[in-house]
file upload-v4.cif (mmCIF, C-alpha atoms)
data_work
#
loop_
_atom_site.label_atom_id
_atom_site.label_comp_id
_atom_site.auth_asym_id
_atom_site.auth_seq_id
_atom_site.Cartn_x
_atom_site.Cartn_y
_atom_site.Cartn_z
CA MET N 15 105.05 140.88 101.34
CA THR N 16 101.54 139.42 101.25
CA MET N 17 99.40 138.61 98.27
CA PRO N 18 97.19 141.37 96.80
CA ASP N 19 93.50 140.78 97.41
CA THR N 20 92.71 140.36 93.71
CA VAL N 21 91.96 137.51 91.33
CA SER N 22 95.53 137.65 90.03
CA GLY N 23 96.71 137.47 93.64
CA ALA N 24 94.57 134.38 94.13
CA LEU N 25 96.01 132.79 90.98
CA THR N 26 99.58 133.62 92.01
CA LEU N 27 99.03 132.27 95.49
CA SER N 28 97.50 129.10 94.09
CA VAL N 29 100.34 128.43 91.66
CA ILE N 30 103.03 129.05 94.29
CA ASP N 31 101.23 126.96 96.90
CA PHE N 32 100.54 124.05 94.52
CA VAL N 33 104.11 123.92 93.23
CA LEU N 34 105.69 124.28 96.67
CA SER N 35 103.47 121.60 98.14
CA PHE N 36 104.57 119.25 95.36
CA VAL N 37 108.20 120.02 96.15
CA MET N 38 107.74 119.43 99.90
CA ILE N 39 105.74 116.27 99.47
CA ALA N 40 108.32 114.97 97.01
CA GLY N 41 110.93 115.73 99.67
CA ILE N 42 109.01 113.59 102.12
CA GLY N 43 108.90 110.87 99.49
CA VAL N 44 112.67 111.04 99.06
CA VAL N 45 113.16 110.80 102.82
CA LEU N 46 110.82 107.81 102.99
CA ALA N 47 112.69 106.14 100.12
CA LEU N 48 115.79 106.26 102.35
CA PHE N 49 114.03 104.68 105.31
CA PRO N 50 115.12 101.11 104.50
CA LEU N 51 118.67 102.27 105.27
CA LEU N 52 117.59 102.69 108.90
CA ASN N 53 117.35 98.93 109.15
CA ARG N 54 121.14 98.71 108.86
CA LEU N 55 121.32 100.36 112.30
CA GLY N 56 119.69 97.37 113.88
CA ARG N 57 116.42 95.70 114.59
CA ILE N 58 113.82 96.37 117.27
CA ASP N 59 112.12 93.37 118.77
CA ASP N 60 108.40 93.96 119.18
CA THR N 61 108.18 91.35 121.93
CA ALA N 62 110.80 93.13 124.01
CA LEU N 63 108.88 96.39 123.67
CA HIS N 64 105.62 94.68 124.60
CA ASP N 65 107.26 93.23 127.71
CA GLY N 66 108.28 96.70 128.83
CA ARG N 67 104.88 98.26 128.06
CA HIS N 68 102.76 100.45 130.31
CA MET H 18 47.25 146.47 138.03
CA ARG H 19 46.29 145.16 134.58
CA ASP H 20 49.07 147.22 132.98
CA GLN H 21 51.54 145.83 135.49
CA ILE H 22 50.53 142.25 134.70
CA LEU H 23 50.77 142.90 130.96
CA SER H 24 54.16 144.52 131.39
CA PHE H 25 55.35 141.57 133.48
CA LEU H 26 54.10 139.05 130.92
CA GLY H 27 55.76 141.05 128.16
CA ALA H 28 59.09 140.99 129.98
CA LEU H 29 58.72 137.27 130.62
CA PHE H 30 57.91 136.65 126.95
CA ASP H 31 60.92 138.69 125.94
CA GLN H 32 63.17 136.74 128.30
CA THR H 33 62.15 133.39 126.84
CA GLY H 34 63.53 134.61 123.53
CA LEU H 35 60.32 133.81 121.65
CA ALA H 36 59.99 137.48 120.75
CA HIS H 37 63.19 137.18 118.70
CA PHE H 38 62.21 133.96 116.98
CA TRP H 39 61.99 134.20 113.20
CA TRP H 40 61.44 131.79 110.32
CA GLY H 41 65.20 131.41 109.85
CA ASN H 42 65.48 129.79 113.27
CA LEU H 43 62.82 127.33 112.22
CA VAL H 44 64.69 126.48 109.02
CA MET H 45 67.91 125.86 110.95
CA MET H 46 66.12 123.70 113.48
CA ALA H 47 64.77 121.68 110.57
CA ILE H 48 68.31 121.32 109.22
CA GLY H 49 69.42 120.13 112.65
CA CYS H 50 66.62 117.56 112.65
CA VAL H 51 67.62 116.37 109.18
CA MET H 52 71.19 115.89 110.40
CA ILE H 53 69.99 113.83 113.35
CA TYR H 54 67.73 111.82 111.04
CA LEU H 55 70.61 111.11 108.65
CA ALA H 56 72.79 110.05 111.56
CA ILE H 57 70.32 107.75 113.30
CA ALA H 58 68.10 106.44 110.50
CA ARG H 59 70.67 106.34 107.69
CA GLY H 60 73.89 105.88 109.61
CA TYR H 61 75.64 108.87 107.97
CA GLU H 62 78.54 109.96 110.18
CA PRO H 63 76.59 109.57 113.43
CA LEU H 64 79.55 110.56 115.59
CA LEU H 65 79.52 113.98 113.96
CA LEU H 66 75.95 114.65 112.87
CA ILE H 67 74.17 113.93 116.15
CA GLY H 68 76.20 116.52 118.04
CA ILE H 69 76.17 119.07 115.23
CA GLY H 70 72.46 118.60 114.58
CA PHE H 71 71.40 118.84 118.21
CA SER H 72 73.53 121.87 119.02
CA CYS H 73 72.28 123.51 115.81
CA ILE H 74 68.73 123.14 117.15
CA VAL H 75 69.77 124.53 120.54
CA ALA H 76 71.62 127.46 118.96
CA ASN H 77 68.47 128.53 117.14
CA VAL H 78 66.35 128.71 120.26
CA PRO H 79 66.71 132.43 120.97
CA GLY H 80 68.25 133.19 124.33
CA SER H 81 69.59 129.68 124.83
CA ASP H 82 71.98 129.90 127.75
CA LEU H 83 74.23 127.11 126.50
CA VAL H 84 75.43 129.15 123.53
CA GLN H 85 75.74 132.44 125.39
CA PRO H 86 79.05 133.53 126.96
CA GLY H 87 79.39 131.43 130.08
CA GLY H 88 77.43 128.53 128.57
CA LEU H 89 78.95 125.12 127.91
CA PHE H 90 78.59 125.28 124.12
CA HIS H 91 80.24 128.70 124.18
CA TYR H 92 83.28 127.25 125.96
CA ALA H 93 83.31 124.35 123.49
CA TYR H 94 83.50 126.93 120.72
CA GLU H 95 86.31 128.70 122.58
CA GLY H 96 88.21 125.41 122.50
CA VAL H 97 87.94 125.50 118.72
CA ALA H 98 88.57 129.24 118.39
CA LEU H 99 91.69 129.04 120.56
CA LEU H 100 92.89 126.13 118.40
CA ILE H 101 93.00 123.69 121.31
CA VAL H 102 90.60 121.14 119.80
CA PRO H 103 92.11 120.58 116.31
CA PRO H 104 95.58 119.58 117.58
CA LEU H 105 94.00 117.19 120.07
CA ILE H 106 92.01 115.60 117.26
CA PHE H 107 95.20 115.07 115.31
CA PHE H 108 96.80 113.62 118.45
CA GLY H 109 94.08 111.00 118.62
CA VAL H 110 94.21 110.35 114.87
CA GLY H 111 97.97 109.79 115.06
CA ALA H 112 97.48 107.29 117.86
CA MET H 113 95.09 105.21 115.75
CA THR H 114 96.86 105.41 112.39
CA ASP H 115 99.27 102.93 110.85
CA PHE H 116 101.52 104.84 108.45
CA SER H 117 103.10 101.68 107.02
CA PRO H 118 101.34 102.00 103.62
CA MET H 119 102.85 105.45 103.22
CA ILE H 120 106.33 104.40 104.39
CA ALA H 121 106.30 101.31 102.17
CA ASN H 122 105.30 103.16 98.97
CA PRO H 123 107.18 106.46 98.84
CA ARG H 124 106.52 106.95 95.13
CA LEU H 125 102.77 107.18 95.85
CA VAL H 126 103.29 109.99 98.36
CA VAL H 127 103.37 112.63 95.61
CA LEU H 128 99.71 111.83 94.87
CA GLY H 129 98.99 113.45 98.24
CA ALA H 130 99.93 116.75 96.56
CA ALA H 131 98.44 116.03 93.13
CA ALA H 132 94.96 115.56 94.55
CA HIS H 133 94.92 119.03 96.11
CA LEU H 134 94.36 121.01 92.93
CA GLY H 135 90.76 121.26 94.09
CA ILE H 136 91.84 123.55 96.92
CA PHE H 137 93.15 126.11 94.48
CA VAL H 138 90.36 125.83 91.92
CA SER H 139 87.94 126.49 94.73
CA LEU H 140 90.10 129.32 96.08
CA VAL H 141 90.16 131.13 92.74
CA GLY H 142 86.45 130.44 92.28
CA ALA H 143 85.72 132.00 95.66
CA LYS H 144 87.75 135.06 94.76
CA LEU H 145 85.80 135.40 91.51
CA LEU H 146 82.57 135.27 93.52
CA GLY H 147 83.67 138.22 95.61
CA PHE H 148 85.13 136.63 98.73
CA THR H 149 88.22 138.29 100.16
CA LEU H 150 91.49 136.44 99.58
CA ALA H 151 91.56 135.28 103.21
CA GLU H 152 87.98 134.01 102.96
CA ALA H 153 88.78 132.36 99.63
CA GLY H 154 91.72 130.57 101.25
CA ALA H 155 89.47 129.27 104.01
CA VAL H 156 86.88 128.12 101.48
CA GLY H 157 89.54 126.48 99.32
CA ILE H 158 90.89 124.38 102.16
CA ILE H 159 87.61 122.44 102.11
CA GLY H 160 89.17 120.68 99.13
CA GLY H 161 91.81 119.25 101.43
CA ALA H 162 89.06 117.05 102.92
CA ASP H 163 90.58 117.34 106.37
CA GLY H 164 88.17 118.54 109.05
CA PRO H 165 90.63 119.71 111.74
CA MET H 166 92.83 121.35 109.12
CA ALA H 167 89.84 123.15 107.63
CA ILE H 168 88.90 124.39 111.10
CA PHE H 169 92.48 125.44 111.84
CA VAL H 170 92.88 127.43 108.63
CA THR H 171 89.37 128.90 108.85
CA MET H 172 89.93 130.15 112.40
CA LYS H 173 93.12 131.84 111.21
CA LEU H 174 91.74 133.34 108.01
CA ALA H 175 87.96 133.73 108.30
CA PRO H 176 86.50 132.63 111.66
CA HIS H 177 83.09 134.06 110.76
CA LEU H 178 82.80 131.36 108.06
CA LEU H 179 83.49 128.45 110.45
CA PRO H 180 79.93 127.03 110.48
CA GLN H 181 79.59 126.90 106.70
CA ILE H 182 83.10 125.62 106.01
CA SER H 183 83.09 122.94 108.70
CA VAL H 184 79.62 121.69 107.73
CA ALA H 185 80.62 121.65 104.04
CA ALA H 186 83.92 119.88 104.75
CA TYR H 187 82.45 117.14 106.93
CA SER H 188 79.37 116.69 104.73
CA TYR H 189 81.37 116.24 101.54
CA MET H 190 83.75 113.84 103.27
CA ALA H 191 80.76 111.68 104.11
CA LEU H 192 79.51 111.98 100.51
CA MET H 193 82.79 110.97 98.87
CA PRO H 194 81.50 107.49 97.93
CA LEU H 195 78.94 109.33 95.80
CA ILE H 196 81.08 112.17 94.47
CA GLN H 197 84.32 110.41 93.53
CA PRO H 198 83.43 107.25 91.53
CA PRO H 199 81.82 108.98 88.51
CA VAL H 200 84.85 111.26 88.16
CA MET H 201 87.26 108.35 88.57
CA LYS H 202 85.48 106.24 85.95
CA LEU H 203 85.24 109.16 83.53
CA LEU H 204 89.00 109.74 83.61
CA THR H 205 90.22 106.14 83.47
CA THR H 206 89.90 103.26 81.03
CA ARG H 207 88.84 99.80 82.10
CA GLU H 208 92.37 98.54 81.42
CA GLU H 209 93.78 101.15 83.77
CA ARG H 210 91.31 100.27 86.52
CA LEU H 211 92.35 96.62 86.22
CA ILE H 212 96.02 97.34 86.98
CA ARG H 213 97.12 95.29 89.95
CA MET H 214 99.72 96.61 92.36
CA SER H 215 102.60 94.44 93.51
CA GLN H 216 102.80 93.57 97.18
CA SER H 217 104.37 96.25 99.36
CA ARG H 218 107.50 95.61 101.37
CA HIS H 219 107.40 94.97 105.10
CA VAL H 220 107.92 98.07 107.25
CA THR H 221 109.98 97.40 110.37
CA ARG H 222 109.30 98.63 113.88
CA LEU H 223 112.41 100.83 113.70
CA GLU H 224 111.05 102.60 110.64
CA LYS H 225 107.65 103.05 112.25
CA ILE H 226 109.24 104.64 115.32
CA ALA H 227 111.58 106.82 113.25
CA PHE H 228 108.76 108.08 111.02
CA PRO H 229 107.01 110.42 113.50
CA ILE H 230 110.32 111.74 114.78
CA VAL H 231 111.72 112.47 111.31
CA ILE H 232 108.48 113.89 109.88
CA GLY H 233 107.87 115.98 112.99
CA LEU H 234 110.87 118.07 111.96
CA PHE H 235 109.33 119.15 108.62
CA PHE H 236 106.36 121.38 109.37
CA PRO H 237 106.59 124.98 110.66
CA PRO H 238 103.38 127.05 110.24
CA VAL H 239 100.94 124.21 110.80
CA ALA H 240 103.29 122.54 113.24
CA PRO H 241 100.69 122.24 116.03
CA LEU H 242 98.62 119.82 113.97
CA ILE H 243 101.26 117.63 112.36
CA THR H 244 103.39 117.68 115.50
CA MET H 245 100.47 116.33 117.52
CA LEU H 246 99.71 113.78 114.77
CA MET H 247 103.27 112.52 115.05
CA LEU H 248 103.23 112.53 118.86
CA GLY H 249 100.13 110.35 118.88
CA ASN H 250 101.70 108.06 116.30
CA LEU H 251 104.86 107.76 118.36
CA PHE H 252 102.83 106.67 121.39
CA ARG H 253 101.23 104.02 119.16
CA GLU H 254 104.35 102.71 117.48
CA ALA H 255 106.69 102.73 120.49
CA LEU H 256 104.59 99.92 122.05
CA VAL H 257 105.75 100.90 125.56
CA ALA H 258 102.99 103.43 126.27
CA GLU H 259 99.99 101.49 125.07
CA ARG H 260 97.62 102.83 127.71
CA LEU H 261 98.38 106.40 126.57
CA ALA H 262 97.97 105.44 122.91
CA ARG H 263 94.69 103.70 123.75
CA THR H 264 93.44 106.72 125.68
CA ALA H 265 94.40 109.11 122.88
CA ALA H 266 92.77 106.93 120.21
CA ASN H 267 89.59 106.19 122.15
CA ASP H 268 88.51 108.11 125.24
CA LEU H 269 90.23 111.38 124.42
CA MET H 270 88.99 111.28 120.83
CA ASN H 271 85.45 110.65 122.02
CA VAL H 272 85.55 113.65 124.36
CA ILE H 273 87.08 115.89 121.69
CA VAL H 274 84.54 114.80 119.08
CA VAL H 275 81.71 115.74 121.43
CA ILE H 276 83.28 119.15 122.10
CA LEU H 277 83.97 119.74 118.40
CA THR H 278 80.50 118.81 117.21
CA VAL H 279 78.64 120.94 119.76
CA ALA H 280 81.01 123.81 119.01
CA ILE H 281 80.34 123.63 115.27
CA GLY H 282 76.60 123.21 115.69
CA SER H 283 76.38 126.06 118.17
CA THR H 284 77.66 128.46 115.51
CA MET H 285 74.95 127.47 113.02
CA THR H 286 72.60 130.29 113.90
CA ALA H 287 70.12 131.41 111.26
CA ASP H 288 71.56 134.89 110.88
CA ARG H 289 75.04 133.46 110.17
CA PHE H 290 74.07 130.42 108.15
CA LEU H 291 71.15 131.45 105.96
CA THR H 292 73.09 133.67 103.60
CA LEU H 293 74.05 133.60 99.92
CA LYS H 294 77.63 132.98 101.02
CA THR H 295 76.60 129.66 102.54
CA ILE H 296 75.21 128.43 99.23
CA GLU H 297 78.33 129.64 97.44
CA ILE H 298 80.59 127.89 99.95
CA ILE H 299 78.67 124.63 99.63
CA ALA H 300 78.87 124.83 95.83
CA LEU H 301 82.59 125.64 95.93
CA GLY H 302 83.16 122.71 98.28
CA LEU H 303 81.69 120.35 95.70
CA VAL H 304 83.87 121.93 93.00
CA ALA H 305 86.92 121.41 95.20
CA PHE H 306 86.19 117.73 95.74
CA VAL H 307 85.47 117.04 92.07
CA PHE H 308 88.62 118.80 90.87
CA GLY H 309 90.69 117.20 93.63
CA THR H 310 89.52 113.75 92.59
CA ALA H 311 90.23 114.51 88.94
CA SER H 312 93.67 115.99 89.57
CA GLY H 313 94.69 113.00 91.69
CA VAL H 314 93.69 110.53 88.98
CA ILE H 315 95.36 112.60 86.26
CA GLY H 316 98.45 112.93 88.44
CA ALA H 317 98.69 109.14 88.65
CA LYS H 318 98.27 108.85 84.88
CA ILE H 319 101.07 111.37 84.35
CA MET H 320 103.29 109.35 86.69
CA ASN H 321 102.58 106.26 84.58
CA LEU H 322 104.16 107.99 81.59
CA PHE H 323 107.49 107.74 83.42
CA LEU H 324 107.11 104.50 85.35
CA ARG H 325 107.98 101.08 84.08
CA GLU H 326 105.79 99.42 86.71
CA LYS H 327 102.48 101.21 86.27
CA ILE H 328 100.33 102.28 89.19
CA ASN H 329 96.59 101.97 89.17
CA PRO H 330 95.33 105.55 88.54
CA LEU H 331 92.45 104.97 90.93
CA LEU H 332 95.03 105.45 93.67
CA GLY H 333 95.35 109.08 92.63
CA SER H 334 91.95 110.07 93.96
CA ALA H 335 92.90 108.61 97.34
CA GLY H 336 95.32 111.52 97.68
CA ILE H 337 92.42 113.54 99.02
CA ALA H 338 93.02 113.53 102.76
CA SER H 339 89.75 112.06 103.93
CA VAL H 340 91.20 109.02 105.72
CA PRO H 341 90.17 106.24 105.16
CA ILE H 342 87.12 107.11 103.08
CA ALA H 343 88.97 108.10 99.91
CA ALA H 344 91.15 104.99 100.09
CA ARG H 345 88.08 102.84 100.54
CA VAL H 346 86.45 104.46 97.48
CA SER H 347 89.53 103.66 95.34
CA HIS H 348 89.46 100.09 96.62
CA ASN H 349 85.75 99.66 95.89
CA VAL H 350 85.90 101.14 92.38
CA ALA H 351 88.73 98.71 91.57
CA LEU H 352 86.72 95.82 93.02
CA ASP H 353 83.83 96.74 90.71
CA GLU H 354 86.08 95.79 87.77
CA ASP H 355 87.97 92.88 89.35
CA ARG H 356 86.77 91.18 92.52
CA GLU H 357 90.33 90.16 93.37
CA ASN H 358 92.06 93.51 92.89
CA TYR H 359 92.57 94.72 96.46
CA LEU H 360 93.88 98.26 96.44
CA ILE H 361 93.11 99.31 100.01
CA TYR H 362 96.63 98.96 101.40
CA HIS H 363 98.21 100.82 98.49
CA ALA H 364 95.44 103.43 98.51
CA MET H 365 96.14 104.20 102.15
CA GLY H 366 99.59 105.46 101.13
CA PRO H 367 98.42 108.48 99.11
CA ASN H 368 95.46 108.87 101.45
CA LEU H 369 97.76 109.37 104.43
CA ALA H 370 100.11 111.49 102.34
CA GLY H 371 97.11 113.68 101.60
CA VAL H 372 96.95 114.64 105.28
CA PHE H 373 100.46 116.02 104.97
CA GLY H 374 99.56 117.55 101.61
CA THR H 375 96.68 119.46 103.17
CA ALA H 376 98.89 120.55 106.06
CA ILE H 377 101.57 121.77 103.67
CA SER H 378 99.08 123.55 101.41
CA GLY H 379 97.42 125.15 104.41
CA GLY H 380 100.71 126.17 105.93
CA ILE H 381 101.98 127.77 102.75
CA LEU H 382 98.61 129.48 102.33
CA LEU H 383 98.87 131.00 105.81
CA ALA H 384 102.47 132.05 105.21
CA LEU H 385 101.68 133.70 101.87
CA LEU H 386 98.77 135.57 103.43
CA GLY H 387 101.00 136.77 106.24
CA VAL H 388 99.06 135.00 108.99
CA ARG H 389 100.83 133.49 111.97
#
call {"tool": "encode", "arguments": {"input": "upload-v4.cif", "output": "C-alpha cells"}}
result
Amino acid sequence: MTMPDTVSGALTLSVIDFVLSFVMIAGIGVVLALFPLLNRLGRIDDTALHDGRH
Amino acid sequence: MRDQILSFLGALFDQTGLAHFWWGNLVMMAIGCVMIYLAIARGYEPLLLIGIGFSCIVANVPGSDLVQPGGLFHYAYEGVALLIVPPLIFFGVGAMTDFSPMIANPRLVVLGAAAHLGIFVSLVGAKLLGFTLAEAGAVGIIGGADGPMAIFVTMKLAPHLLPQISVAAYSYMALMPLIQPPVMKLLTTREERLIRMSQSRHVTRLEKIAFPIVIGLFFPPVAPLITMLMLGNLFREALVAERLARTAANDLMNVIVVILTVAIGSTMTADRFLTLKTIEIIALGLVAFVFGTASGVIGAKIMNLFLREKINPLLGSAGIASVPIAARVSHNVALDEDRENYLIYHAMGPNLAGVFGTAISGGILLALLGVR
C-alpha cells in the first residue's frame, strides 16, 4: 500500500518516516555502544598492517 | 539564385540554433556566469560551481552538441540518471572519512535523526504548494543536506526536478555558515553554548575495521549508497590497500565530481529552470535547512533533560548531513563564546550520523512511496 497523494498522506508519511528514522538511528547508536566489546577479541597492530600494505 | 542563397542562409542560421534563442537562455547563461564568478572570485565551492556554471552556459546555447544525445554532457547525465555516479561519490567519501567521532560518541548519533525534521517540514510544504507526493519527497530530501542522496532520491521520485533540487541542495550546503548560526543562537542560551564536552575515548583499529562491515548490513533500499560508503571506508581503515583508498579519495573523486557537475549544469536549460516551481523549490530548501538546524538544536536540548553529563546543544545542528560544513559551523559558533571550547571532534559525530540519517529517511521515503 502506498501513501495517498494528499496533504494528509504527506503528513502521515512524514510522521512514519521521522519516527522510524529515529528508531533505526538509535539502533545504530546501540550497536556502536557495544563496539568497545570488540576489543576483547584482540588488538590489531597498525604497524603490521602498514607493513603488509599495497 | 537569390532565393536559393537566402534559403541556404536561413537553413544555416537555423542550424546554429540562434533562431531558437530566447531571453531565458540569456538569463541562464548569466546565472552560469555568476556561479563561475562566485567560484573563482569568491572561492565558493569552486569544485562544484565551475563545472555547473560552465555546463549551464553550454546547455543554454541552442543546438549545443555536447548536451544532445550522443554528446559528452548527455552521457554524463546518463551516469547520474542510471545512478552510477552517486554511489561512486559515496565510495570516494567513505575512503576519505574517519568515522571515529561517531564510533566514540554513540549517544550523539541520535542527533543525526533529530536534525532531519526539515526534510518533512519541506515535504509537507511542497505538498501544500501543489507538488505531487513524489515531487514533494524529492524536494524534502534537500533538507538532508546530502548532495548524492538528494540526486539519488530525486532520480527515483522526480527526475524532471533534478536541476532545481541539486542546485538548491549544493547551494544551501555552501551557505550553511550563513543560515545556521542565527538559528542556533536564537535557540540556545549563552550558558548552553559554553558547555564543554569531555574528551572522547580512543577508537581502536579493530573497531574502525568492524564499523563498515557491521553498518553495511543495515541498509536495504538505499543500499547502493551506504554500501559504497562503507566499502570506501573499509579500504581506508584496513591499511593494506592504501593505493586503492588513495585513488578512491582523490583521483576517482575528481573524475566523478567533473562528471557530476557537468551533468547537473547540462540540465539547467531555461525552459526547465525558469519556472515558478524553481522559486518554490529554492524557498522550500531554505525552510528545510532552517527547520533542520532548529530541530537538531532542540533535539540536543531535549536529550539534556535526561542526561547527567550535558551535551552542548550546538552539536544538534551538526546532525544535518553536510560533512564537514555543519560540524565546522557548530565548532565556530562555540568558539565565538569561548576561544578554548573546541567542539569539532564531537560535532563530527552527529554530522557523520546525519549521512546515515538522510539515507534512512530517504530509504523509508522510497519504500513508503512504493519506489524500488
call {"tool": "resolve_selection", "arguments": {"input": "upload-v4.cif", "expression": "the PyMOL selection byres ((chain H) within 7 of (chain N))", "output": "PyMOL selection string"}}
result
chain H and resi 120+123-124+126-127+130+137+141+144-145+149-150+222-224+256-260+374+377-378+381-382+385-387
call {"tool": "atom_distance", "arguments": {"input": "upload-v4.cif", "atom1": "CA of Gly111 in chain H", "atom2": "CA of Val388 in chain H"}}
result
26.0 Å
call {"tool": "resolve_selection", "arguments": {"input": "upload-v4.cif", "expression": "the PyMOL selection byres ((chain H and resi 62-75) around 6)", "output": "list in words"}}
result
Met46, Gly49, Met52, Ile53, Ala56, Gly60, Tyr61, Ala76, Asn77, Val78, Thr278, Val279, Gly282, Ser283 and Met285 of chain H
call {"tool": "atom_distance", "arguments": {"input": "upload-v4.cif", "atom1": "CA of Ala280 in chain H", "atom2": "CA of Phe90 in chain H"}}
result
5.8 Å
call {"tool": "resolve_selection", "arguments": {"input": "upload-v4.cif", "expression": "the PyMOL selection byres ((chain H and resi 297) around 10)", "output": "ChimeraX atom specification"}}
result
/H:142-143,146,148,156,181,292-296,298-302
call {"tool": "closest_residue", "arguments": {"input": "upload-v4.cif", "among": "H:Ala112, H:Ile159, H:Leu352, H:Ala376", "to": "Asn267 in chain H", "atoms": "only C-alpha atoms"}}
result
H:Ala112
call {"tool": "residues_around", "arguments": {"input": "upload-v4.cif", "residues": "Glu152 in chain H", "least_positions_apart": "5", "cutoff": "10 Å", "atoms": "all atoms listed in the file", "output": "number ranges by chain"}}
result
H: 140, 143-144, 147, 157, 170-171, 173-178
call {"tool": "atom_distance", "arguments": {"input": "upload-v4.cif", "atom1": "CA of Arg213 in chain H", "atom2": "CA of Pro199 in chain H"}}
result
20.6 Å
call {"tool": "decode", "arguments": {"input": "upload-v4.cif", "residues": "range 79-94 of chain H", "atoms": "C-alpha atoms", "output": "PDB file, in the first residue's frame"}}
result
ATOM      1  CA  PRO H  79      20.607  26.205 -28.556  1.00  0.00           C
ATOM      2  CA  GLY H  80      21.692  23.203 -30.550  1.00  0.00           C
ATOM      3  CA  SER H  81      24.799  22.575 -28.467  1.00  0.00           C
ATOM      4  CA  ASP H  82      26.033  19.141 -29.455  1.00  0.00           C
ATOM      5  CA  LEU H  83      27.514  18.367 -26.051  1.00  0.00           C
ATOM      6  CA  VAL H  84      24.098  18.219 -24.393  1.00  0.00           C
ATOM      7  CA  GLN H  85      22.346  16.396 -27.218  1.00  0.00           C
ATOM      8  CA  PRO H  86      22.043  12.585 -27.240  1.00  0.00           C
ATOM      9  CA  GLY H  87      25.479  11.347 -28.217  1.00  0.00           C
ATOM     10  CA  GLY H  88      27.220  14.352 -26.646  1.00  0.00           C
ATOM     11  CA  LEU H  89      29.590  14.072 -23.707  1.00  0.00           C
ATOM     12  CA  PHE H  90      27.413  16.051 -21.287  1.00  0.00           C
ATOM     13  CA  HIS H  91      24.475  13.858 -22.249  1.00  0.00           C
ATOM     14  CA  TYR H  92      26.429  10.737 -21.265  1.00  0.00           C
ATOM     15  CA  ALA H  93      27.497  12.455 -18.037  1.00  0.00           C
ATOM     16  CA  TYR H  94      23.818  12.971 -17.294  1.00  0.00           C
TER      17      TYR H  94
END
